[in-house]
Amino acid sequence: MLRGLVIVLVASAVVAVGLLEGIWSNRWGSSEDDELTAARLERIPMNLGNWMGTDAPLDAKIIRVAEATGSLSRVYVNRQTGARIDILLLTGPTGPIGAHTPDVCYGGLGYSMQGTAKTVRIDWSGGHADFWNARFVKKVRFDGSLQVFWAWGVDGNWEASINPRADFALRSTLNKLYVVLMDNRADEMHQPDLNTFKEFLGEFLPLVKKALSSDAGS
């Protein structure tokens, strides 16, 4: 009897691991959750306050490599200050979306991360979010830098996860958000004003949460 119980437990564990691996690897294709979340991206406003948005379509190869079922790539410019912020929001199966970090993505574009990533918290009325933050510069020659912020989440809630595939293992769909501040100053030691980043996300994130929330209307 004991042997039979052990066999059942082992078989159950194998099935559970197989299901998780199938979800992570997108073995069975897009889920209904993937498609629903992808559709919700269209609700995110083009303009917010002083920030005017313009869509910046991605190359199909980037979407394919990321295995994303939905994406939002947009440039926001502040009409008063001229500050520019690029955002990329991807949604798709947990495994592929949780696998890549900016050091891989931007490394392929010739950038390298300076130092180690640090976390930064963004607060707004009614909520907060934690992002990773790191500076990226060109490996060959300095021609400006990128201050990149990134986080993973579901329903518009964002976390600076160390291991997103494990942290969101029971979720079939995961979102990843990149926010990029570009700085073209020819000064490797110059650090951009993070108040711009915080001001923008203070307006942007509540609207993203409203658009992506599972409680939102269909």
# chains A, B, ... in the order shown; residues from 1 in each chain; ligands from 1
>>> closest_atom_pairs(of="segment 96-157 of chain A", to="segment 165-181 of chain A", cutoff="8 Å", atoms="only C-alpha atoms", output="tab-separated table")
residue	atom	partner	partner_atom	distance
A:Ile97	CA	A:Leu174	CA	6.4
A:Gly98	CA	A:Arg165	CA	5.2
A:Ala99	CA	A:Arg165	CA	6.9
A:Leu146	CA	A:Leu181	CA	5.8
A:Gln147	CA	A:Leu181	CA	5.0
A:Val148	CA	A:Val180	CA	4.6
A:Phe149	CA	A:Val179	CA	5.1
A:Trp150	CA	A:Tyr178	CA	4.5
A:Ala151	CA	A:Leu177	CA	5.6
A:Trp152	CA	A:Lys176	CA	4.4
A:Gly153	CA	A:Asn175	CA	5.3
A:Val154	CA	A:Leu174	CA	5.8
>>> residues_around(residues="Pro45 of chain A", least_positions_apart="2", cutoff="9 Å", atoms="only C-alpha atoms", output="ChimeraX atom specification")
/A:42-43,47-48,53,204,207-208
>>> closest_residue(among="A:Arg74, A:Gln114, A:Lys61, A:Ala68", to="Met46 of chain A", atoms="only C-alpha atoms")
A:Arg74
>>> atom_distance(atom1="atom CA of Arg121 of chain A", atom2="atom CA of Phe136 of chain A")
19.8 Å
>>> select_by_dssp(residues="segment 17-171 of chain A", states="alpha helix (DSSP H)", output="VMD selection string")
chain A and resid 17 to 25 32 to 40 60 to 66 94 to 99 102 to 105 164 to 167
>>> write_last_selection(atoms="N, CA and C atoms", output="JSON list (two decimals), in the first residue's frame")
[["chain", "number", "residue", "atom", "x", "y", "z"],
["A", 17, "VAL", "N", 4.98, 19.06, -12.63],
["A", 17, "VAL", "CA", 6.18, 19.65, -13.24],
["A", 17, "VAL", "C", 5.99, 19.79, -14.74],
["A", 18, "GLY", "N", 5.38, 18.77, -15.36],
["A", 18, "GLY", "CA", 5.13, 18.83, -16.80],
["A", 18, "GLY", "C", 4.19, 19.96, -17.18],
["A", 19, "LEU", "N", 3.15, 20.15, -16.37],
["A", 19, "LEU", "CA", 2.22, 21.25, -16.63],
["A", 19, "LEU", "C", 2.91, 22.60, -16.51],
["A", 20, "LEU", "N", 3.73, 22.76, -15.45],
["A", 20, "LEU", "CA", 4.44, 24.03, -15.27],
["A", 20, "LEU", "C", 5.41, 24.27, -16.42],
["A", 21, "GLU", "N", 6.12, 23.21, -16.81],
["A", 21, "GLU", "CA", 7.08, 23.37, -17.91],
["A", 21, "GLU", "C", 6.36, 23.72, -19.20],
["A", 22, "GLY", "N", 5.17, 23.13, -19.38],
["A", 22, "GLY", "CA", 4.40, 23.44, -20.58],
["A", 22, "GLY", "C", 3.95, 24.88, -20.60],
["A", 23, "ILE", "N", 3.53, 25.39, -19.43],
["A", 23, "ILE", "CA", 3.13, 26.80, -19.32],
["A", 23, "ILE", "C", 4.32, 27.71, -19.56],
["A", 24, "TRP", "N", 5.46, 27.39, -18.92],
["A", 24, "TRP", "CA", 6.65, 28.23, -19.05],
["A", 24, "TRP", "C", 7.13, 28.31, -20.50],
["A", 25, "SER", "N", 7.12, 27.15, -21.18],
["A", 25, "SER", "CA", 7.72, 27.09, -22.51],
["A", 25, "SER", "C", 6.74, 27.42, -23.62],
["A", 32, "GLU", "N", -6.05, 31.73, -23.53],
["A", 32, "GLU", "CA", -7.08, 32.76, -23.56],
["A", 32, "GLU", "C", -6.65, 33.97, -22.75],
["A", 33, "ASP", "N", -5.92, 33.74, -21.63],
["A", 33, "ASP", "CA", -5.42, 34.85, -20.82],
["A", 33, "ASP", "C", -4.44, 35.70, -21.60],
["A", 34, "ASP", "N", -3.56, 35.05, -22.38],
["A", 34, "ASP", "CA", -2.60, 35.79, -23.21],
["A", 34, "ASP", "C", -3.33, 36.74, -24.16],
["A", 35, "GLU", "N", -4.32, 36.20, -24.85],
["A", 35, "GLU", "CA", -5.03, 36.98, -25.85],
["A", 35, "GLU", "C", -5.84, 38.11, -25.22],
["A", 36, "LEU", "N", -6.42, 37.84, -24.05],
["A", 36, "LEU", "CA", -7.21, 38.86, -23.36],
["A", 36, "LEU", "C", -6.31, 40.00, -22.89],
["A", 37, "THR", "N", -5.15, 39.65, -22.31],
["A", 37, "THR", "CA", -4.23, 40.68, -21.84],
["A", 37, "THR", "C", -3.68, 41.48, -23.01],
["A", 38, "ALA", "N", -3.37, 40.81, -24.11],
["A", 38, "ALA", "CA", -2.87, 41.51, -25.30],
["A", 38, "ALA", "C", -3.89, 42.53, -25.80],
["A", 39, "ALA", "N", -5.16, 42.16, -25.77],
["A", 39, "ALA", "CA", -6.21, 43.08, -26.22],
["A", 39, "ALA", "C", -6.32, 44.29, -25.29],
["A", 40, "ARG", "N", -6.05, 44.07, -24.01],
["A", 40, "ARG", "CA", -6.17, 45.17, -23.05],
["A", 40, "ARG", "C", -5.10, 46.23, -23.22],
["A", 60, "ALA", "N", 9.11, 42.62, -36.31],
["A", 60, "ALA", "CA", 8.43, 41.34, -36.05],
["A", 60, "ALA", "C", 9.39, 40.31, -35.45],
["A", 61, "LYS", "N", 10.67, 40.41, -35.77],
["A", 61, "LYS", "CA", 11.66, 39.47, -35.25],
["A", 61, "LYS", "C", 11.77, 39.59, -33.73],
["A", 62, "ILE", "N", 11.69, 40.82, -33.21],
["A", 62, "ILE", "CA", 11.78, 41.04, -31.77],
["A", 62, "ILE", "C", 10.60, 40.37, -31.06],
["A", 63, "ILE", "N", 9.41, 40.53, -31.63],
["A", 63, "ILE", "CA", 8.22, 39.91, -31.05],
["A", 63, "ILE", "C", 8.35, 38.40, -31.07],
["A", 64, "ARG", "N", 8.87, 37.87, -32.17],
["A", 64, "ARG", "CA", 9.01, 36.43, -32.32],
["A", 64, "ARG", "C", 10.01, 35.86, -31.33],
["A", 65, "VAL", "N", 11.14, 36.51, -31.18],
["A", 65, "VAL", "CA", 12.17, 36.03, -30.25],
["A", 65, "VAL", "C", 11.67, 36.10, -28.81],
["A", 66, "ALA", "N", 10.93, 37.16, -28.49],
["A", 66, "ALA", "CA", 10.39, 37.30, -27.13],
["A", 66, "ALA", "C", 9.22, 36.37, -26.87],
["A", 94, "THR", "N", 4.51, 32.89, -19.37],
["A", 94, "THR", "CA", 5.42, 33.23, -18.27],
["A", 94, "THR", "C", 6.87, 32.87, -18.54],
["A", 95, "GLY", "N", 7.12, 31.67, -19.09],
["A", 95, "GLY", "CA", 8.50, 31.24, -19.31],
["A", 95, "GLY", "C", 9.31, 32.19, -20.16],
["A", 96, "PRO", "N", 8.90, 32.42, -21.42],
["A", 96, "PRO", "CA", 9.66, 33.32, -22.30],
["A", 96, "PRO", "C", 9.71, 34.76, -21.80],
["A", 97, "ILE", "N", 8.58, 35.28, -21.31],
["A", 97, "ILE", "CA", 8.55, 36.68, -20.87],
["A", 97, "ILE", "C", 9.43, 36.87, -19.63],
["A", 98, "GLY", "N", 9.52, 35.86, -18.79],
["A", 98, "GLY", "CA", 10.32, 35.98, -17.57],
["A", 98, "GLY", "C", 11.79, 35.65, -17.76],
["A", 99, "ALA", "N", 12.16, 35.21, -18.97],
["A", 99, "ALA", "CA", 13.52, 34.70, -19.17],
["A", 99, "ALA", "C", 14.56, 35.77, -19.44],
["A", 102, "PRO", "N", 17.41, 43.07, -19.45],
["A", 102, "PRO", "CA", 18.01, 44.05, -20.36],
["A", 102, "PRO", "C", 19.47, 43.80, -20.71],
["A", 103, "ASP", "N", 20.24, 43.17, -19.83],
["A", 103, "ASP", "CA", 21.63, 42.93, -20.16],
["A", 103, "ASP", "C", 21.76, 42.00, -21.37],
["A", 104, "VAL", "N", 20.75, 41.14, -21.57],
["A", 104, "VAL", "CA", 20.72, 40.28, -22.75],
["A", 104, "VAL", "C", 20.20, 41.06, -23.96],
["A", 105, "CYS", "N", 19.06, 41.74, -23.76],
["A", 105, "CYS", "CA", 18.42, 42.47, -24.86],
["A", 105, "CYS", "C", 19.31, 43.58, -25.40],
["A", 164, "PRO", "N", 11.62, 35.86, -12.02],
["A", 164, "PRO", "CA", 10.20, 35.96, -12.41],
["A", 164, "PRO", "C", 9.57, 34.63, -12.81],
["A", 165, "ARG", "N", 10.35, 33.74, -13.39],
["A", 165, "ARG", "CA", 9.77, 32.45, -13.79],
["A", 165, "ARG", "C", 9.30, 31.66, -12.59],
["A", 166, "ALA", "N", 10.02, 31.78, -11.48],
["A", 166, "ALA", "CA", 9.62, 31.08, -10.26],
["A", 166, "ALA", "C", 8.54, 31.87, -9.51],
["A", 167, "ASP", "N", 8.73, 33.19, -9.42],
["A", 167, "ASP", "CA", 7.79, 34.01, -8.67],
["A", 167, "ASP", "C", 6.38, 33.99, -9.28]]
>>> closest_residue(among="A:Tyr106, A:Trp124, A:Tyr76, A:Tyr111", to="Asp55 of chain A", atoms="only C-alpha atoms")
A:Tyr76
>>> atom_distance(atom1="atom CA of Glu199 of chain A", atom2="atom CA of Thr91 of chain A")
24.3 Å
>>> select_by_dssp(residues="segment 83-178 of chain A", states="strand (DSSP E or B)", output="ChimeraX atom specification")
/A:84-93,111-124,127-138,145-154,157-159,173-178
>>> atom_distance(atom1="atom CA of Val75 of chain A", atom2="atom CA of Phe200 of chain A")
11.9 Å
>>> closest_residue(among="A:Met182, A:Ala160, A:Ala211, A:Ala83", to="Thr101 of chain A", atoms="only C-alpha atoms")
A:Ala160
>>> closest_residue(among="A:Ala117, A:Ile162, A:Ile85, A:Ile44", to="Ser71 of chain A", atoms="only C-alpha atoms")
A:Ile44
>>> decode(residues="segment 151-175 of chain A", atoms="N, CA and C atoms", output="CSV table (one decimal), in the first residue's frame")
chain,number,residue,atom,x,y,z
A,151,ALA,N,10.5,45.8,-14.9
A,151,ALA,CA,9.8,45.0,-13.9
A,151,ALA,C,8.8,44.0,-14.6
A,152,TRP,N,8.4,43.0,-13.8
A,152,TRP,CA,7.4,42.1,-14.3
A,152,TRP,C,6.2,42.2,-13.4
A,153,GLY,N,5.0,41.7,-14.0
A,153,GLY,CA,3.8,41.7,-13.2
A,153,GLY,C,2.6,41.2,-13.9
A,154,VAL,N,1.5,41.2,-13.2
A,154,VAL,CA,0.2,40.8,-13.7
A,154,VAL,C,-0.8,41.8,-13.2
A,155,ASP,N,-1.8,42.0,-14.0
A,155,ASP,CA,-2.9,42.9,-13.6
A,155,ASP,C,-2.5,44.3,-13.3
A,156,GLY,N,-1.3,44.7,-13.9
A,156,GLY,CA,-0.9,46.1,-13.7
A,156,GLY,C,-0.1,46.3,-12.4
A,157,ASN,N,0.2,45.3,-11.7
A,157,ASN,CA,1.0,45.4,-10.5
A,157,ASN,C,2.5,44.9,-10.8
A,158,TRP,N,3.5,45.7,-10.5
A,158,TRP,CA,4.8,45.5,-10.9
A,158,TRP,C,5.8,45.2,-9.8
A,159,GLU,N,6.7,44.2,-10.1
A,159,GLU,CA,7.7,43.8,-9.1
A,159,GLU,C,9.1,43.8,-9.7
A,160,ALA,N,10.1,44.1,-8.9
A,160,ALA,CA,11.5,44.0,-9.3
A,160,ALA,C,11.9,42.5,-8.9
A,161,SER,N,11.4,41.6,-9.6
A,161,SER,CA,11.6,40.2,-9.3
A,161,SER,C,13.0,39.7,-9.6
A,162,ILE,N,13.6,38.9,-8.8
A,162,ILE,CA,14.9,38.3,-9.0
A,162,ILE,C,14.8,37.1,-9.9
A,163,ASN,N,13.7,36.3,-9.7
A,163,ASN,CA,13.4,35.1,-10.5
A,163,ASN,C,12.0,35.1,-11.0
A,164,PRO,N,11.6,35.9,-12.0
A,164,PRO,CA,10.2,36.0,-12.4
A,164,PRO,C,9.6,34.6,-12.8
A,165,ARG,N,10.4,33.7,-13.4
A,165,ARG,CA,9.8,32.5,-13.8
A,165,ARG,C,9.3,31.7,-12.6
A,166,ALA,N,10.0,31.8,-11.5
A,166,ALA,CA,9.6,31.1,-10.3
A,166,ALA,C,8.5,31.9,-9.5
A,167,ASP,N,8.7,33.2,-9.4
A,167,ASP,CA,7.8,34.0,-8.7
A,167,ASP,C,6.4,34.0,-9.3
A,168,PHE,N,6.3,33.9,-10.6
A,168,PHE,CA,5.0,33.9,-11.3
A,168,PHE,C,4.7,32.5,-11.9
A,169,ALA,N,5.3,31.4,-11.3
A,169,ALA,CA,5.2,30.1,-11.9
A,169,ALA,C,3.7,29.6,-12.1
A,170,LEU,N,2.8,30.0,-11.3
A,170,LEU,CA,1.5,29.6,-11.3
A,170,LEU,C,0.6,30.5,-12.3
A,171,ARG,N,1.2,31.4,-12.9
A,171,ARG,CA,0.5,32.3,-13.8
A,171,ARG,C,0.8,31.9,-15.2
A,172,SER,N,-0.2,31.8,-16.0
A,172,SER,CA,0.0,31.4,-17.4
A,172,SER,C,0.5,32.6,-18.3
A,173,THR,N,0.1,33.8,-17.8
A,173,THR,CA,0.5,35.0,-18.6
A,173,THR,C,1.3,36.0,-17.7
A,174,LEU,N,2.3,36.6,-18.3
A,174,LEU,CA,3.1,37.5,-17.5
A,174,LEU,C,3.4,38.7,-18.4
A,175,ASN,N,3.5,39.9,-17.7
A,175,ASN,CA,3.8,41.1,-18.4
A,175,ASN,C,5.2,41.6,-18.0
